[in-house]
Structure formats: structure tokens, C-alpha cells
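Novice: For reference, this is structure-v9.txt, and it has compact mmCIF, C-alpha atoms and all ligand atoms.
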```txt
# COMPACT_ATOMS: atom_id res chain seq x y z
CA MET A 1338 264.81 179.07 88.19
CA ARG A 1339 261.91 180.92 86.58
CA ARG A 1340 264.30 182.69 84.24
CA ARG A 1341 265.84 179.42 83.13
CA THR A 1342 262.42 178.03 82.29
CA LEU A 1343 261.61 181.15 80.31
CA CYS A 1344 264.90 180.94 78.40
CA ASN A 1345 264.33 177.32 77.59
CA LEU A 1346 260.84 178.10 76.50
CA LEU A 1347 262.05 180.89 74.19
CA LYS A 1348 264.74 178.65 72.74
CA PHE A 1349 261.96 176.41 71.59
CA ALA A 1350 259.30 179.01 70.84
CA ILE A 1351 261.34 181.31 68.58
CA PRO A 1352 262.57 178.66 66.14
CA ALA A 1353 259.11 177.10 66.16
CA ALA A 1354 257.54 180.46 65.29
CA VAL A 1355 260.07 180.98 62.50
CA VAL A 1356 259.33 177.55 61.07
CA VAL A 1357 255.58 178.15 61.21
CA LEU A 1358 255.87 181.59 59.59
CA TRP A 1359 258.15 180.25 56.91
CA TRP A 1360 255.69 177.43 56.23
CA VAL A 1361 252.74 179.85 56.06
CA TYR A 1362 254.69 182.07 53.69
CA PHE A 1363 255.70 179.09 51.59
CA MET A 1364 252.09 177.91 51.34
CA TYR A 1365 250.25 181.22 51.06
CA GLU A 1366 250.72 184.55 49.41
CA PRO A 1367 249.81 187.16 51.99
CA HIS A 1368 247.73 190.06 50.69
CA LEU A 1369 247.30 192.97 53.02
CA HIS A 1370 244.38 195.25 52.14
CA VAL A 1371 241.86 196.18 54.78
CA ASP A 1372 241.98 192.58 55.87
CA LEU A 1373 244.74 190.01 55.54
CA VAL A 1374 243.86 187.24 53.10
CA PHE A 1375 245.83 184.07 52.55
CA TYR A 1376 245.71 182.41 49.15
CA ASP A 1377 246.64 178.76 48.95
CA ARG A 1378 249.65 178.50 46.64
CA ASN A 1379 248.50 175.14 45.31
CA TRP A 1380 245.22 176.71 44.34
CA ILE A 1381 247.03 179.64 42.69
CA ALA A 1382 249.24 177.26 40.72
CA ALA A 1383 246.32 175.06 39.65
CA GLU A 1384 243.53 177.58 39.11
CA MET A 1385 244.95 181.03 38.59
CA GLN A 1386 248.29 180.75 36.82
CA PRO A 1387 247.55 178.43 33.87
CA ILE A 1388 245.98 179.94 30.78
CA THR A 1389 243.89 177.43 28.89
CA PRO A 1390 242.75 178.22 25.34
CA LEU A 1391 239.50 180.04 24.62
CA SER A 1392 236.90 178.05 22.74
CA GLY A 1393 236.75 180.20 19.61
CA CYS A 1394 233.60 182.22 20.36
CA PHE A 1395 235.20 185.21 18.61
CA ASN A 1396 235.75 183.32 15.35
CA PRO A 1397 233.62 185.12 12.73
CA GLU A 1398 231.68 181.97 11.85
CA ARG A 1399 230.77 181.42 15.50
CA VAL A 1400 229.75 184.96 16.44
CA SER A 1401 225.97 185.33 16.67
CA PRO A 1402 224.32 187.48 13.97
CA LEU A 1403 222.92 189.45 16.91
CA TYR A 1404 226.42 190.62 17.86
CA ASN A 1405 228.54 192.91 15.72
CA VAL A 1406 232.23 192.51 16.64
CA SER A 1407 233.41 195.49 14.57
CA GLU A 1408 231.03 197.71 16.42
CA ALA A 1409 230.95 196.22 19.93
CA VAL A 1410 234.63 195.32 20.29
CA TYR A 1411 236.46 197.56 17.82
CA GLY A 1412 233.96 200.39 17.30
CA LYS A 1413 234.65 203.99 18.24
CA LYS A 1414 233.71 204.83 21.82
CA ARG A 1415 232.85 208.21 23.15
CA PHE A 1416 233.82 207.82 26.81
CA GLU A 1417 236.88 206.37 28.50
CA VAL A 1418 235.95 204.25 31.51
CA GLN A 1419 239.35 202.95 32.58
CA ALA A 1420 241.83 205.37 34.11
CA GLY A 1421 245.00 203.25 34.02
CA VAL A 1422 245.96 204.02 37.63
CA PRO A 1423 244.11 202.90 40.76
CA MET A 1424 243.01 206.46 41.71
CA ARG A 1425 243.39 205.83 45.43
CA MET A 1426 244.28 209.46 46.11
CA GLY A 1427 241.70 211.96 47.25
CA MET A 1428 238.57 212.26 45.15
CA ASP A 1429 240.24 211.35 41.82
CA CYS A 1430 238.02 208.36 41.13
CA TYR A 1431 234.79 210.31 41.67
CA ALA A 1432 236.09 213.10 39.48
CA PHE A 1433 236.91 210.57 36.78
CA ALA A 1434 233.36 209.17 37.00
CA GLY A 1435 232.16 212.71 36.34
CA THR A 1436 233.86 212.68 32.91
CA VAL A 1437 231.45 209.98 31.73
CA ALA A 1438 228.39 212.11 31.13
CA LEU A 1439 226.06 212.82 28.24
CA PRO A 1440 224.87 216.40 27.76
CA GLU A 1441 221.33 216.87 29.03
CA SER A 1442 220.03 217.63 25.54
CA GLU A 1443 220.79 214.09 24.42
CA SER A 1444 218.48 212.50 26.92
CA ILE A 1445 215.28 213.58 25.21
CA GLN A 1446 213.39 210.68 23.66
CA GLU A 1447 211.05 211.70 20.88
CA HIS A 1448 209.71 208.44 19.52
CA TYR A 1449 208.14 205.56 21.34
CA ILE A 1450 210.45 202.56 21.70
CA PRO A 1451 208.80 199.16 22.35
CA PRO A 1452 209.83 197.76 25.77
CA GLU A 1453 211.88 194.86 24.31
CA GLU A 1454 213.97 197.23 22.20
CA ARG A 1455 214.93 199.50 25.06
CA ALA A 1456 218.13 199.23 27.08
CA GLN A 1457 217.48 196.21 29.30
CA TYR A 1458 218.41 196.21 32.96
CA HIS A 1459 218.19 193.05 35.01
CA THR A 1460 218.04 192.43 38.71
CA TYR A 1461 217.27 189.36 40.78
CA TRP A 1462 215.51 188.62 44.01
CA ARG A 1463 215.56 185.21 45.70
CA THR A 1464 212.07 184.78 47.08
CA ASP A 1465 213.24 181.84 49.19
CA LEU A 1466 215.70 184.02 51.11
CA ALA A 1467 213.50 186.91 52.21
CA PRO A 1468 210.30 188.71 51.25
CA LEU A 1469 210.58 191.76 49.03
CA THR A 1470 209.87 194.71 51.32
CA GLU A 1471 210.69 198.41 51.66
CA ARG A 1472 214.45 197.87 51.80
CA GLN A 1473 214.34 196.12 48.42
CA GLU A 1474 211.90 198.69 47.08
CA PHE A 1475 214.58 201.37 47.49
CA MET A 1476 216.53 199.74 44.68
CA LEU A 1477 213.49 199.68 42.37
CA LYS A 1478 212.72 203.26 43.29
CA SER A 1479 216.30 204.34 42.64
CA PHE A 1480 216.11 202.81 39.20
CA PHE A 1481 212.83 204.43 38.16
CA ALA A 1482 213.86 207.78 39.64
CA THR A 1483 217.24 207.99 37.93
CA GLN A 1484 216.92 206.24 34.57
CA ASN A 1485 215.63 207.59 31.32
CA LEU A 1486 212.46 205.49 31.35
CA PRO A 1487 211.26 205.92 27.75
CA ARG A 1488 214.56 204.28 26.75
CA SER A 1489 214.91 201.68 29.52
CA ARG A 1490 213.30 198.60 30.94
CA LEU A 1491 213.99 196.87 34.24
CA VAL A 1492 213.41 193.13 34.39
CA LEU A 1493 213.01 191.85 37.93
CA TRP A 1494 213.99 188.19 37.94
CA SER A 1495 213.16 185.88 40.79
CA ASN A 1496 213.13 182.20 41.64
CA GLY A 1497 209.48 182.36 42.70
CA ASP A 1498 206.36 184.30 41.77
CA LEU A 1499 206.48 187.96 42.78
CA SER A 1500 203.43 189.13 40.88
CA GLY A 1501 201.26 189.27 44.02
CA ASN A 1502 203.69 191.49 45.89
CA PRO A 1503 202.09 194.93 46.47
CA ILE A 1504 205.37 196.83 45.95
CA VAL A 1505 205.98 195.10 42.66
CA GLN A 1506 202.38 195.70 41.60
CA LYS A 1507 202.69 199.39 42.33
CA TYR A 1508 205.63 199.85 39.91
CA LEU A 1509 204.09 197.59 37.27
CA GLY A 1510 201.10 199.92 37.39
CA LEU A 1511 203.18 203.09 37.28
CA PHE A 1512 205.68 202.09 34.60
CA PRO A 1513 204.18 199.23 32.58
CA ASP A 1514 206.56 199.76 29.64
CA SER A 1515 209.68 200.13 31.79
CA PHE A 1516 209.20 197.27 34.23
CA THR A 1517 208.48 193.58 33.96
CA LEU A 1518 208.77 190.38 35.99
CA ARG A 1519 210.31 187.05 35.04
CA VAL A 1520 210.87 183.80 36.88
CA VAL A 1521 214.22 182.17 36.10
CA ASP A 1522 214.35 178.78 34.50
CA ILE A 1523 218.05 177.95 34.48
CA PRO A 1524 218.01 174.93 32.13
CA THR A 1525 216.07 176.94 29.52
CA LEU A 1526 218.36 179.95 29.79
CA ALA A 1527 221.39 177.66 29.49
CA LYS A 1528 220.19 176.12 26.18
CA GLY A 1529 222.75 176.54 23.45
CA THR A 1530 225.54 177.59 25.82
CA ALA A 1531 228.46 175.45 26.97
CA MET A 1532 226.54 175.04 30.25
CA ASP A 1533 223.60 173.37 28.48
CA GLY A 1534 222.80 170.18 30.39
CA SER A 1535 225.75 170.63 32.75
CA LYS A 1536 225.61 168.66 36.00
CA LEU A 1537 226.63 171.84 37.79
CA LEU A 1538 223.20 173.36 37.17
CA ASN A 1539 221.51 170.83 39.40
CA LEU A 1540 223.92 170.45 42.27
CA ASN A 1541 222.10 171.44 45.42
CA ASP A 1542 225.20 172.44 47.32
CA LYS A 1543 226.01 174.82 44.49
CA LYS A 1544 222.73 176.64 44.81
CA ALA A 1545 224.33 179.88 46.00
CA TRP A 1546 226.65 179.80 43.04
CA VAL A 1547 223.90 179.04 40.50
CA ASP A 1548 221.68 181.74 41.99
CA GLY A 1549 224.46 184.22 42.37
CA ASP A 1550 227.02 183.96 39.64
CA LEU A 1551 225.42 181.88 36.95
CA VAL A 1552 221.96 183.44 36.71
CA ARG A 1553 223.32 186.85 35.83
CA LEU A 1554 225.50 185.55 33.04
CA LEU A 1555 222.74 183.42 31.55
CA VAL A 1556 220.22 186.26 31.70
CA ILE A 1557 222.54 188.76 30.06
CA TRP A 1558 223.58 186.23 27.47
CA THR A 1559 219.95 185.57 26.51
CA TYR A 1560 218.60 189.13 26.59
CA GLY A 1561 221.63 191.40 26.70
CA GLY A 1562 221.85 194.35 29.04
CA VAL A 1563 223.00 195.54 32.41
CA TRP A 1564 222.98 193.48 35.57
CA ILE A 1565 222.35 195.42 38.79
CA ASP A 1566 222.40 193.56 42.09
CA MET A 1567 219.39 194.27 44.32
CA ASP A 1568 221.65 195.61 47.07
CA MET A 1569 222.47 198.74 45.09
CA LEU A 1570 221.03 202.20 44.95
CA VAL A 1571 221.38 203.70 41.48
CA THR A 1572 222.43 207.33 41.64
CA ARG A 1573 222.28 208.45 38.00
CA ASP A 1574 221.45 207.45 34.45
CA LEU A 1575 223.60 204.47 33.39
CA GLU A 1576 223.18 205.14 29.68
CA PRO A 1577 226.64 206.67 29.02
CA LEU A 1578 228.21 203.38 30.14
CA LEU A 1579 226.33 201.26 27.65
CA GLU A 1580 228.74 201.63 24.73
CA HIS A 1581 231.11 199.37 26.66
CA GLU A 1582 230.85 195.80 27.85
CA PHE A 1583 232.14 195.73 31.40
CA VAL A 1584 232.41 194.33 34.88
CA THR A 1585 233.64 196.42 37.81
CA GLN A 1586 236.71 196.55 39.98
CA TRP A 1587 236.29 194.76 43.34
CA ASP A 1588 237.74 197.66 45.35
CA CYS A 1589 240.39 200.34 44.90
CA TRP A 1590 243.10 198.15 46.40
CA GLY A 1591 243.65 195.99 43.34
CA LYS A 1592 243.48 192.58 44.97
CA THR A 1593 245.46 190.30 42.71
CA TYR A 1594 242.98 187.44 42.46
CA GLN A 1595 239.81 189.11 43.64
CA ALA A 1596 240.14 192.05 41.30
CA LEU A 1597 236.77 192.00 39.53
CA ASN A 1598 233.13 192.14 40.54
CA GLY A 1599 229.89 191.36 38.72
CA ALA A 1600 227.49 193.28 40.96
CA LEU A 1601 227.13 195.79 38.13
CA MET A 1602 227.96 194.59 34.67
CA HIS A 1603 226.97 194.95 31.05
CA PHE A 1604 227.22 192.65 28.07
CA ARG A 1605 225.36 192.62 24.80
CA GLN A 1606 223.00 189.88 23.77
CA HIS A 1607 224.91 186.73 22.75
CA SER A 1608 228.20 188.41 23.55
CA PRO A 1609 231.16 186.18 22.67
CA TYR A 1610 232.69 187.25 26.00
CA LEU A 1611 229.89 185.40 27.78
CA CYS A 1612 230.13 182.48 25.36
CA GLU A 1613 233.74 182.13 26.51
CA ALA A 1614 232.71 182.53 30.15
CA PHE A 1615 230.35 179.55 29.82
CA HIS A 1616 233.08 177.50 28.16
CA LEU A 1617 235.45 178.36 30.99
CA MET A 1618 232.84 177.46 33.61
CA ALA A 1619 232.04 174.18 31.94
CA THR A 1620 235.71 173.17 31.76
CA SER A 1621 236.90 174.43 35.18
CA THR A 1622 237.00 172.98 38.66
CA PRO A 1623 233.53 173.48 40.16
CA PRO A 1624 233.32 176.34 42.64
CA ARG A 1625 234.09 175.70 46.29
CA SER A 1626 231.02 176.19 48.34
CA PRO A 1627 229.97 178.44 49.77
CA SER A 1628 231.81 180.74 47.43
CA THR A 1629 231.58 184.49 47.50
CA ASP A 1630 234.37 185.18 45.07
CA TRP A 1631 233.79 182.59 42.40
CA GLY A 1632 232.38 185.07 39.89
CA ALA A 1633 235.27 187.44 40.59
CA ILE A 1634 237.76 184.70 39.85
CA LEU A 1635 235.96 183.60 36.71
CA TYR A 1636 235.99 187.11 35.23
CA LEU A 1637 239.69 187.46 35.96
CA ARG A 1638 240.54 184.10 34.43
CA LEU A 1639 238.50 185.02 31.37
CA TRP A 1640 240.14 188.43 31.11
CA ARG A 1641 243.63 186.86 31.10
CA ARG A 1642 242.66 184.35 28.43
CA LEU A 1643 241.33 187.11 26.19
CA LEU A 1644 244.64 188.97 26.47
CA ALA A 1645 246.55 185.78 25.73
CA GLU A 1646 244.70 185.47 22.41
CA SER A 1647 244.98 189.17 21.54
CA ILE A 1648 241.27 189.86 21.90
CA PRO A 1649 240.48 193.28 23.39
CA PRO A 1650 239.00 192.40 26.79
CA PHE A 1651 235.81 193.75 28.32
CA LYS A 1652 236.26 196.89 30.42
CA ILE A 1653 236.70 197.14 34.17
CA LEU A 1654 234.94 200.13 35.71
CA PRO A 1655 236.78 201.74 38.63
CA SER A 1656 235.32 200.62 41.95
CA CYS A 1657 234.00 204.05 42.96
CA PHE A 1658 231.63 204.10 39.94
CA SER A 1659 229.32 201.71 41.78
CA ASP A 1660 231.03 200.84 45.06
CA PRO A 1661 232.14 204.07 46.73
CA LEU A 1662 232.47 202.20 50.05
CA ALA A 1663 235.38 200.12 48.83
CA CYS A 1664 238.36 202.44 49.12
CA ARG A 1665 240.29 204.27 51.83
CA LEU A 1666 238.89 205.62 55.06
CA ASP A 1667 239.48 209.16 53.82
CA ASN A 1668 237.73 208.82 50.48
CA SER A 1669 235.09 206.11 50.85
CA VAL A 1670 231.61 207.55 51.32
CA PRO A 1671 230.37 207.33 54.93
CA ASP A 1672 228.75 204.09 56.03
CA PRO A 1673 225.13 204.19 54.80
CA PHE A 1674 223.75 202.65 58.00
CA THR A 1675 225.53 204.88 60.53
CA PRO A 1676 224.05 208.27 61.52
CA ASP A 1677 225.82 211.31 60.03
CA ARG A 1678 228.79 212.76 61.89
CA SER A 1679 227.60 215.50 64.18
CA ASP A 1680 230.02 218.07 62.70
CA GLY A 1681 228.37 217.63 59.28
CA HIS A 1682 231.62 216.60 57.59
CA TRP A 1683 232.33 213.67 55.35
CA VAL A 1684 236.06 214.46 55.12
CA GLU A 1685 238.01 217.71 55.24
CA GLY A 1686 236.40 220.20 52.86
CA TYR A 1687 233.49 217.92 51.98
CA GLY A 1688 230.23 218.46 53.80
CA LEU A 1689 227.24 216.16 54.12
CA GLU A 1690 224.68 218.86 53.39
CA GLU A 1691 222.49 219.22 50.31
CA GLY A 1692 224.67 220.63 47.54
CA GLY A 1693 227.80 219.82 49.57
CA GLY A 1694 230.84 217.73 48.76
CA LEU A 1695 229.23 214.34 49.28
CA ASP A 1696 226.12 215.34 47.34
CA ARG A 1697 228.19 216.45 44.34
CA THR A 1698 230.27 213.27 44.53
CA LEU A 1699 227.18 211.08 44.49
CA GLN A 1700 226.02 212.82 41.34
CA HIS A 1701 229.22 211.82 39.57
CA ILE A 1702 229.03 208.12 40.30
CA PHE A 1703 226.44 205.63 39.10
CA ALA A 1704 225.44 203.54 42.11
CA VAL A 1705 226.10 202.80 45.77
CA HIS A 1706 226.62 199.11 46.48
CA LEU A 1707 225.32 198.33 49.97
CA HIS A 1708 226.80 194.81 50.23
CA ASN A 1709 223.58 193.12 51.34
CA ARG A 1710 223.20 194.06 55.01
CA TRP A 1711 219.48 193.59 54.50
CA ASP A 1712 218.76 193.69 58.24
CA LYS A 1713 220.03 197.26 58.58
CA GLU A 1714 218.04 200.45 58.20
CA PHE A 1715 219.08 203.81 56.84
CA PRO A 1716 219.18 206.35 59.69
CA ASN A 1717 216.45 208.96 59.55
CA ASP A 1718 217.82 212.14 58.01
CA GLY A 1719 221.17 210.45 57.41
CA TRP A 1720 222.92 211.13 54.12
CA VAL A 1721 221.29 208.21 52.29
CA ASP A 1722 217.87 209.36 53.41
CA ARG A 1723 218.43 213.01 52.51
CA LEU A 1724 220.61 212.85 49.40
CA LEU A 1725 219.18 209.72 47.80
CA LEU A 1726 215.90 208.33 49.12
CA LYS A 1727 214.01 211.62 49.52
CA ARG A 1728 215.17 212.75 46.10
CA TYR A 1729 213.99 209.49 44.55
CA ASP A 1730 210.51 210.19 45.92
CA LEU A 1731 210.60 213.72 44.58
CA ARG A 1732 211.73 212.68 41.11
CA LEU A 1733 209.26 209.84 40.94
CA ARG A 1734 206.42 212.22 41.76
CA GLU A 1735 207.62 214.52 38.97
CA LYS A 1736 207.80 211.64 36.51
CA ILE A 1737 204.34 210.38 37.41
CA THR A 1738 202.58 213.76 37.12
CA TRP A 1739 204.49 214.48 33.94
CA ASP A 1740 203.28 211.17 32.49
CA ARG A 1741 199.68 211.89 33.46
CA GLU A 1742 199.76 215.26 31.75
CA LEU A 1743 200.77 213.71 28.44
C1 LIG B 1 228.68 196.23 12.14
O1 LIG B 1 229.17 197.47 12.58
C2 LIG B 1 229.91 198.19 11.61
C3 LIG B 1 230.52 199.38 12.29
O2 LIG B 1 229.57 200.11 13.03
C4 LIG B 1 229.00 198.53 10.44
O3 LIG B 1 229.73 199.24 9.44
C5 LIG B 1 228.43 197.24 9.87
O4 LIG B 1 227.50 197.54 8.85
C6 LIG B 1 227.76 196.41 10.95
N1 LIG B 1 227.40 195.10 10.40
C7 LIG B 1 226.19 194.61 10.47
C8 LIG B 1 226.01 193.26 9.90
O5 LIG B 1 225.27 195.21 10.97
```
Output the structure of this file as C-alpha cells.
Specialist:
Amino acid sequence: MRRRTLCNLLKFAIPAAVVVLWWVYFMYEPHLHVDLVFYDRNWIAAEMQPITPLSGCFNPERVSPLYNVSEAVYGKKRFEVQAGVPMRMGMDCYAFAGTVALPESESIQEHYIPPEERAQYHTYWRTDLAPLTERQEFMLKSFFATQNLPRSRLVLWSNGDLSGNPIVQKYLGLFPDSFTLRVVDIPTLAKGTAMDGSKLLNLNDKKAWVDGDLVRLLVIWTYGGVWIDMDMLVTRDLEPLLEHEFVTQWDCWGKTYQALNGALMHFRQHSPYLCEAFHLMATSTPPRSPSTDWGAILYLRLWRRLLAESIPPFKILPSCFSDPLACRLDNSVPDPFTPDRSDGHWVEGYGLEEGGGLDRTLQHIFAVHLHNRWDKEFPNDGWVDRLLLKRYDLRLREKITWDREL
């Protein structure tokens, strides 16, 4: 009797399961990376597949006099930043990052450069989300410790006044020519772009999108330079990357639709790439909310449209350049918030000690993206503490005494 019930149940359950699976497959494209993501096929057909025309930002008469296409787009470059293969094997990606390096002798700055004419780096802190404390200071510290300060300036943007914050005041005092504060005013930044006066700027439910994806593009458009998210620790001088305009790869898995990331990116002032990005934003379906991948999708849609019109696209830095946590278990750097393995190994043949395999790897790449996790602390004497934070303090002390002696 029991067996009959079971058989009857299976007779129904198996075909039902097949139908459901077939329906899921028909509706969604399964992508298996670390997690399984389902993409709505209607959304793919409506948003991802079609290639609408660019708006002509690269037409010579429309390019800003501040931007030189023959130099920025077609000019000779010294370093290659795209490998052509995903570099998922072993330490290939880190080794490739190591090929993008200027000789030490080129980093000497002899003449004074006014702050506005230096390489501009931008970061952003939302004062309404959390106060700026020691965890956020690590990013500022990493910047001042690793960058060539006589040639660089960091602009800390915020949506509220940060000038009374003691951490901020400390660095303004130490590096007045390499650090400044600004409060964002979106409508002013958007003036003259395709987003000028757009309803999207004022939608309250789109606040995360405006504060996340839009601010960075507007800031870089207006001032030019590199965007660095606050949840990064910079590990070395970013200068050799600046000949290129770029975004980064989302991870080493090559997700089809979520391939690109704007946590670290660089565009020149009034770059026609950004002009096209604003056009695309202004003419596209508004982002779903909350949206974590909207920027990623925008960059990909833009990249495909550039190809379609035979315009050399912006570059895509391999993920390990700034996100060494986003690859395989055997080649991602250890989790920054977990204490070091007791055997002192990262992976086979790569130790966690000073001068060891992980240390050398970190010196090849440019940043470590921490993916927010603002509530977590770096373990005492863990690899982040030893190989990054303590060294930042050391280098900052050197820079400060060196400055005083001058
Ligand atoms: C643009 O760049 C090219 C190549 O570097 C240079 O020859 C040309 O003079 C530049 N044009 C302007 C207007 O600066």
C-alpha cells in the first residue's frame, strides 16, 4: 500500500519536476560561478542584447577641447593592461600585474605641480550611512602611503560636511597639497551632460544608484581622474595605469552580464566615453532598486556599443589588479578579516610572512577591494595588519619626516 502511494507520487512528481526545470531553463540563463545566478531572459532580450546607437560624442566637433582623441584613444601606450585570457590559473594574474611598473628613477618629481594639475584621485563617503572612523581612515592612509604625493591629489567627496572630522583634519594638515574635501552637488555636476535636469537625479528610491553609480561618473567627467571606492586598500602607486582609461573586471570568472566593475576606474576630464555613458543612462530603463549591478551593466552595454561603431573601447583591468579576492579558492588572497592560517601558508609554496609569497604578490597588484564589510575588523597581526597597515604607518612616518626636513 505504501509502495503504491510512493509510485503514484513519483509518477506525478517526476514529470512536474521536469516541467518546472524546463520552464526555469526557458526563462533564465543559468550561470554557475561561485554562486548560481538566474538572469531573466526577457530582461536579457530587452536590456542586454539590443545595441542602440551612440550619441556621437566621439565626433570631432563634439569632443571637448580638454580631450585629445589622438592621444587618449589612439596614442602610443607603454603598458599592456589586458591579457586576452582570463588568467584563472595559478598566480598568472598577479604576475601580469607585475609587468605594469615604472622604473623607480621615473618617480622623482623635481618641480612643484599645483594641486589642480596633479593626477586627481576621487573617493566618496556617505555621511548619512556611517561616521568616518578608523576603518575608513585605512583607505586614506593607504593612499597617502603608496602614492607619489607631489604628483597626486586625493579628493574626498561626501554628501555632508566632513571638515570637522578629526581624521580628515589630520590628513588635511599633513598633506595640504595632496588632499582636499568636496561636498557633491549632483545637479551642478550634471550640467551640460545628457543627465542635466533628468528626473532620475531626484528620485528618492534611486538614492543608492545616484550615490553609487552616478556620482562617480559625474565627478570623473567634471574633473577627470581615478575613482577609488572607500572600501579599498591601495597597495602601490597607480601612476603606471593612468595612460589608459579603464574600468575593472568584476571577477576572474567572466560573468557574461556582470563582467565589469567601477570600484576602481579612470577616465580623463570630459571623456567622450563618459559623455556616451550619460547618453545611455538618460535613454535607458531606469535601474531596478536596490541595484548592486547597475553600473556593471551600464559599462558593459556601453562597451558593446563602442565596438559596434568601431571605436576602440576603454580598457578592462584584470580583476586581480584591484580585487584579489574575486578568483579561485587556490589563488584568491586569504580573507582579510579571518586570522592567518596557523601553518603560515597562503597556498602551497606561498607563505604569509614578510617577504613571502603573499607579500610579493601584494606588491604586484594595485589595491585590495574589501567589499564593504564595514562592521568587520582586521585581525591583530593578520596579513592585512602586518603586510599593509603597519607598512602604511611606517611609510607615512618616512614621508612626514622627509617633508619636514625640506
Ligand atoms: C593631440 O595629441 C597628439 C598626439 O600626442 C598631438 O600631436 C597633438 O598636438 C595634440 N593636439 C592638441 C590640440 O593638443
Novice: Quick one: residues within 10 Å of Phe1516 of chain A, only C-alpha atoms counted, chain neighbours fewer than 6 positions away excluded, as a PyMOL selection string?
Specialist: chain A and resi 1452+1457-1459+1477+1481+1486+1489-1493+1505+1508-1510
Novice: Work out how far apart atom CA of Leu1578 of chain A and atom CA of Tyr1610 of chain A are and give it in Å to one decimal.
Specialist: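 Distance between the two atoms: 17.2 Å.
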Novice: Compute the set of protein, DNA and RNA residues whose minimum atom distance to ligand LIG 1 (chain B) is at most 9 Å, using all atoms listed in the file, and state it as a PyMOL selection string.
Specialist: chain A and resi 1402-1409+1411-1413
Novice: Between A:Gly1686, A:Gly1681, A:Pro1451, A:Pro1673, which has the minimum distance to Pro1716 of chain A (counting only C-alpha atoms)?
Specialist: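 Comparing A:Gly1686, A:Gly1681, A:Pro1451, A:Pro1673 against Pro1716 of chain A, the winner is A:Pro1673.
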Novice: So, with all atoms listed in the file as the atoms that count, which of A:Pro1661, A:Met1364, A:Arg1399, A:Trp1720 lies closest to Trp1380 of chain A?
Specialist: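 Result for the nearest residue to Trp1380 of chain A: A:Met1364.
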Novice: Which residue out of A:Pro1624, A:Pro1352, A:Gly1561, A:Pro1423 has the minimum interatomic distance to Leu1654 of chain A when only C-alpha atoms are used?
Specialist: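 Nearest to Leu1654 of chain A: A:Pro1423.
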Novice: Counting all atoms listed in the file, note down every residue that has an atom within 9 Å of the point (209.6, 208.7, 41.9) (file coordinates), as a PDB file with C-alpha atoms, in the coordinates of the input.
Specialist:
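Printed below is result-v5.pdb as written:
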```pdb
ATOM      1  CA  LYS A1478     212.720 203.260  43.290  1.00  0.00           C
ATOM      2  CA  SER A1479     216.300 204.340  42.640  1.00  0.00           C
ATOM      3  CA  PHE A1481     212.830 204.430  38.160  1.00  0.00           C
ATOM      4  CA  ALA A1482     213.860 207.780  39.640  1.00  0.00           C
ATOM      5  CA  THR A1483     217.240 207.990  37.930  1.00  0.00           C
ATOM      6  CA  ARG A1728     215.170 212.750  46.100  1.00  0.00           C
ATOM      7  CA  TYR A1729     213.990 209.490  44.550  1.00  0.00           C
ATOM      8  CA  ASP A1730     210.510 210.190  45.920  1.00  0.00           C
ATOM      9  CA  LEU A1731     210.600 213.720  44.580  1.00  0.00           C
ATOM     10  CA  ARG A1732     211.730 212.680  41.110  1.00  0.00           C
ATOM     11  CA  LEU A1733     209.260 209.840  40.940  1.00  0.00           C
ATOM     12  CA  ARG A1734     206.420 212.220  41.760  1.00  0.00           C
ATOM     13  CA  GLU A1735     207.620 214.520  38.970  1.00  0.00           C
ATOM     14  CA  LYS A1736     207.800 211.640  36.510  1.00  0.00           C
ATOM     15  CA  ILE A1737     204.340 210.380  37.410  1.00  0.00           C
TER      16      ILE A1737
END
```
Novice: Counting only C-alpha atoms, figure out which residue out of A:Tyr1449, A:Phe1658, A:Trp1359, A:Trp1558 gets nearest to Pro1609 of chain A.
Specialist: A:Trp1558
Novice: Take atom CA of Asp1677 of chain A and atom CA of Ala1432 of chain A and report the distance between them in Å, one decimal.
Specialist: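 Taking atom CA of Asp1677 of chain A as the start and atom CA of Ala1432 of chain A as the end point, the length is 23.0 Å.
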Novice: Pick from A:Lys1528, A:Arg1415, A:Arg1642, A:His1448: nearest to His1581 of chain A, with only C-alpha atoms counted?
Specialist: A:Arg1415
Novice: Just give me the gap between atom CA of Lys1713 of chain A and atom CA of Leu1601 of chain A in Å, one decimal is fine.
Specialist: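 Going from atom CA of Lys1713 of chain A over to atom CA of Leu1601 of chain A, I get 21.7 Å.
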Novice: Residues near Pro1676 of chain A, anyone? I mean within 12 Å using all atoms listed in the file, not counting same-chain ones fewer than 4 positions away, as a list in words.
Specialist: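 Result of the neighbour search: Pro1671, Asp1672, Asp1680, Gly1681, His1682, Trp1683, Leu1689, Glu1714, Phe1715, Pro1716, Asn1717, Asp1718, Gly1719, Trp1720, Val1721, Asp1722 and Arg1723 of chain A.
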Novice: Pick the closest to Pro1650 of chain A from A:Leu1538, A:Leu1707, A:Val1410, A:Phe1604: which is it, counting all atoms listed in the file?
Specialist: A:Val1410
Novice: Within 12 Å of Ala1531 of chain A, counting all atoms listed in the file, which residues show up once you throw out same-chain ones fewer than 5 positions away? Write them as JSON, numbers by chain, please.
Specialist: {"A": [1392, 1394, 1524, 1526, 1536, 1537, 1538, 1555, 1558, 1609, 1611, 1612, 1613, 1614, 1615, 1616, 1617, 1618, 1619, 1620, 1621]}
Novice: Show which residues sit within 9 Å of Leu1637 of chain A, as a ChimeraX atom specification. Count all atoms listed in the file, and ignore same-chain residues fewer than 2 positions away.
Specialist: /A:1385,1594-1597,1632-1635,1639-1642
Novice: Which protein, DNA or RNA residues are at most 10 Å from (230.9, 189.3, 37.0) in the file's coordinates when you count all atoms listed in the file, listed as a list in words?
Specialist: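 Applying the cut-off with all atoms listed in the file, one gets Gly1549, Asp1550, Leu1551, Arg1553, Leu1554, Trp1564, Phe1583, Val1584, Thr1585, Gln1586, Trp1587, Leu1597, Asn1598, Gly1599, Ala1600, Leu1601, Met1602, His1603, Ala1614, Asp1630, Trp1631, Gly1632, Ala1633, Ile1634, Leu1635, Tyr1636 and Leu1637 of chain A.
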